[in-house]
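Trainee: What follows is a structure written as structure tokens; I'll ask about it next.
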Amino acid sequence: MAIKVKRKRRTPEAKPTATTLDGESREILDEALERINPKPDRKTWKPMAEGLARAKGILDYFHVFVEEQQDKLGWEWATLWICHALAAEGGDIEFSNRVYNVLKTEFQTDYLTELSRARLCRDFTAEYFLSRDHFLAARNLWPEGYEVHYQLGILYDMLGVPEFAFAFAELAHEKTEQFGDDAFKHKARVSYNQAVAMWQAARPYGDIKAYLRRALDEWPGYERAEKLIQALPDNDEADPKGRSSMQRLTEDIQRSMNAPSYYVIEPERAED
Amino acid sequence: MTDTETPAPQVSFVLPTSTAVARYMQLKVESVLNTPYQVTDELTPYEHVLTVSHDAKVTADLLNLPEQQAEIAIDLLEEALDGGAIEDAYGLRGGVLNVLLPMASEDLDLGLDAVLDEEDGAPTIDKFANTPNELFSSLTPAQVWVGTGPIEAQLADALLPRLWAETRELSFPTPGAANAEWLSRLRLWSYNPAGGGRGRVIDLIVAERNMLLEKRVTICHERGIDIEFLPNL
């Protein structure tokens with residue numbers, strides 16, 4: 001009879017203070033741990049990060065990234081990754097800068113980190129060209145991502161390049177299927193944004209209407225598109241005099257003071 | 001001050017970032033250099049330095065500008081005497097359409113990188129100089145190089161105090177967030193009629209810059225001054 005050795009009861013999961021990070025990176029990790037609740041540990045870091053990835057609509061990318069980086073990632077990364085995304089999108093400039101530097105030096109940056117960084121630069125620090133570079137880095141990391149193309153469209157709208165805004169919106173439009181049952185809403189919003197970009201580029205009203213009709217095909221009853229198409233002159237030729245009525249209508253796409261993106265065209269988060 | 005124009009009333013307003021303040025001062029000086037004055041023989045200071053004085057400081061002194069603006073004016077007039085180089089378009093230039101953007105530099109320009117690296121499909125430097133650029137709110141480097149005109153400066157002075165009045169009571173989490181709000185309003189303004197049936201703001205600005213460009217290039221050619229890139233006219 002084989003001797004069975006009763007397995008010694010496992011010691012409780014080590015607390016997340018045992019880390020290989022040191023120096024300033026360790027200090028920032030400790031600060032991040034103070035800010036996050038519940039705190040990721042060796043068991044929970046992956047589902048916690050996955051929850052955020054799902055909310056951001058990047059779950060497919062996340063699984064591939066974690067698989068590729070599995071030797072390097074753990075609770076420390078998840079703590080910093082989650083804190084960075086939340087700090088950057090909340091406009092906590094100083095803390096998100098420090099966390100970003102740790103993520104970049106100690107780990108490999110990823111799509112969401114670059115995306116959050118880009119939005120911080122665009123929406124809170126007015127570093128629009130730096131924002132562009134981070135968006136492009138995110139795009140290189142996951143060319144199939146909807147959000148990066150959508151946000152680049154907004155950035156180029158702010159930069160006064162409506163042709164690029166239109167083109168990036170079109171790329172976002174092609175990637176809306178990743179939202180499943182909600183894809184039609186995203187498609188319609190992108191089509192609406194493209195109509196606005198066409199107006200900015202002084203394209204004929206007929207072209208603008210075509211994109212508004214596409215929005216209404218995609219989302220019948222989409223109120224914003226209905227209002228805009230009704231306000232456009234019957235004459236499909238570009239007419240500077242007709243634009244004053246459009247001005248009133250497009251004022252509602254102006255950004256909310258405290259929201260980081262255009263509230264009208266902000267995509268809804270993927271469902272949990 | 002010109003004898004043909006009434007001095008604009010002094011307006012006070014606050015811009016959301018220090019870069020915007022520096023850009024605004026730059027656009028004001030550029031517009032002075034593109035406006036004809038009695039003291040510069042009914043020529044613009046740019047024309048005066050290229051055709052009469054050939055000395056940036058002499059022309060700038062005639063304008064009696066405050067010290068900081070005089071320094072900017074001397075730099076711009078010296079650049080004009082040197083002709084046109086693509087790098088002159090970067091920095092704080094670009095007028096009201098760019099007043100809320102961060103400082104532009106050559107190393108940020110992905111298009112220029114492609115030109116200098118002679119990448120496949122990259123345009124020549126002349127073509128690049130006449131291509132709308134994402135760093136300049138779709139103005140071309142040549143249109144930026146020629147500077148802000150008086151019409152554009154008037155438009156800026158109509159817009160910026162209005163934006164200040166509209167946003168001064170609002171609160172923003174950061175100066176950059178305020179800047180984003182201002183920028184959104186500036187874009188909306190630029191795509192709409194300027195008033196008085198003159199057409200869209202952005203079209204007026206481009207038309208004025210093209211007119212100034214044509215005049216400047218003609219003078220440079222007549223005087224044998226090299227322009228590194230050849231604006232498309």
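Within each chain, counting starts at residue 1; across the structure tokens, chains are named A, B, ... in the order shown, with ligands numbered 1 upward in that order.
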Fewer than 6 positions away in the same chain doesn't count, so skip those; otherwise give me all residues within 10 Å of Leu33 of chain B, counting only C-alpha atoms, as a ChimeraX atom specification.

Mentor: /B:27,43-49,59-60,63,73,76-77,147-150

Trainee: Tell me, counting only C-alpha atoms, for each residue of chain A within 6 Å of chain B, which pair of atoms is nearest and how far apart they are in Å to one decimal, in rows ordered by chain and increasing number, as CSV.

Mentor:
```
residue,atom,partner,partner_atom,distance
A:Asp123,CA,B:Ala177,CA,5.5
A:Phe124,CA,B:Gly176,CA,4.5
A:Thr125,CA,B:Gly176,CA,4.1
A:Ala126,CA,B:Gly176,CA,4.5
A:Leu159,CA,B:Ser137,CA,5.5
A:Gly160,CA,B:Ser137,CA,4.5
A:Val161,CA,B:Ser138,CA,5.6
A:Gln200,CA,B:Tyr191,CA,5.7
```

Trainee: Can you tell me, as a list of chain:residue names, what residues are no more than 12 Å from Phe13 of chain B when counting only C-alpha atoms, ignoring any on the same chain fewer than 6 positions away?

Mentor: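 So, after excluding close chain neighbours, the residues are B:Ala20, B:Val21, B:Tyr24, B:Ala156, B:Asp157, B:Ala158, B:Leu159, B:Leu160, B:Pro161, B:Arg162, B:Leu163, B:Trp164, B:Ala165, B:Glu166, B:Thr167, B:Arg168.
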
Trainee: Those residues with C-alpha atoms, as a short mmCIF file (atom, residue, chain, number, x, y, z; two decimals), in the first residue's frame please?

Mentor:
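So selection_21.cif came out as:
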```cif
data_model
loop_
_atom_site.label_atom_id
_atom_site.label_comp_id
_atom_site.auth_asym_id
_atom_site.auth_seq_id
_atom_site.Cartn_x
_atom_site.Cartn_y
_atom_site.Cartn_z
CA ALA B 20 -2.42 79.56 -27.09
CA VAL B 21 -1.28 82.91 -25.70
CA TYR B 24 -2.07 84.47 -30.46
CA ALA B 156 -9.66 85.99 -34.48
CA ASP B 157 -10.40 89.11 -32.48
CA ALA B 158 -14.09 88.59 -33.03
CA LEU B 159 -14.00 84.93 -32.03
CA LEU B 160 -11.62 84.61 -29.11
CA PRO B 161 -13.24 87.17 -26.75
CA ARG B 162 -16.58 85.56 -27.56
CA LEU B 163 -15.25 82.12 -26.60
CA TRP B 164 -13.87 83.61 -23.41
CA ALA B 165 -17.27 85.11 -22.59
CA GLU B 166 -19.03 81.82 -23.34
CA THR B 167 -16.73 79.65 -21.25
CA ARG B 168 -15.44 81.82 -18.43
#
```

Trainee: Select, from B:Glu30, B:Thr19, B:Leu50, B:Lys57, the residue with the minimum atom-to-atom distance to His221 of chain B, counting only C-alpha atoms.

Mentor: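 Using only C-alpha atoms, His221 of chain B sits closest to B:Leu50.
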
Trainee: Residues near Trp45 of chain A, anyone? I mean within 8 Å using only C-alpha atoms, not counting same-chain ones fewer than 5 positions away, as a list in words.

Mentor: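 Answer for this query is Pro40, Gly74, Trp75, Ala78 and Thr79 of chain A.
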
Trainee: Compare B:Ala142, B:Leu65, B:Leu230, B:Ile74 by their minimum atom-to-atom distance to Met211 of chain B, counting only C-alpha atoms, and give me the closest one.

Mentor: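 Smallest separation from Met211 of chain B among the options: B:Ala142.
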
Trainee: Where does DSSP see helix (DSSP H, G or I) in segment 123-214 of chain B, if you list the residues as a PyMOL selection string?

Mentor: chain B and resi 125-129+134-136+141-146+150-167+175-190+201-214

Trainee: Find the spatial neighbours of Ser116 of chain A, counting only C-alpha atoms, within a cut-off of 6 Å - ignore same-chain residues fewer than 4 positions away - and output them as a list in words.

Mentor: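 Close residues of Ser116 of chain A: Ala85, Ala88 and Leu112 of chain A.
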
Trainee: So that I can check the surroundings of segment 221-229 of chain A, please list as a PyMOL selection string every protein, DNA and RNA residue that reaches within 7 Å of it, counting only C-alpha atoms and ignoring chain neighbours fewer than 4 positions away.

Mentor: chain A and resi 192+209+212+215-216+249

Trainee: Just to be explicit: take each residue in the selection above, keep C-alpha atoms, and write the result as a PDB file, in the first residue's frame.

Mentor:
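out14.pdb was written with the following content:
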```
ATOM      1  CA  TYR A 192     -23.845  60.360 -38.557  1.00  0.00           C
ATOM      2  CA  LYS A 209     -27.773  63.152 -46.904  1.00  0.00           C
ATOM      3  CA  LEU A 212     -27.601  60.303 -42.927  1.00  0.00           C
ATOM      4  CA  ALA A 215     -27.516  55.993 -40.521  1.00  0.00           C
ATOM      5  CA  LEU A 216     -31.300  55.732 -40.661  1.00  0.00           C
ATOM      6  CA  LEU A 249     -28.281  71.859 -35.329  1.00  0.00           C
TER       7      LEU A 249
END
```
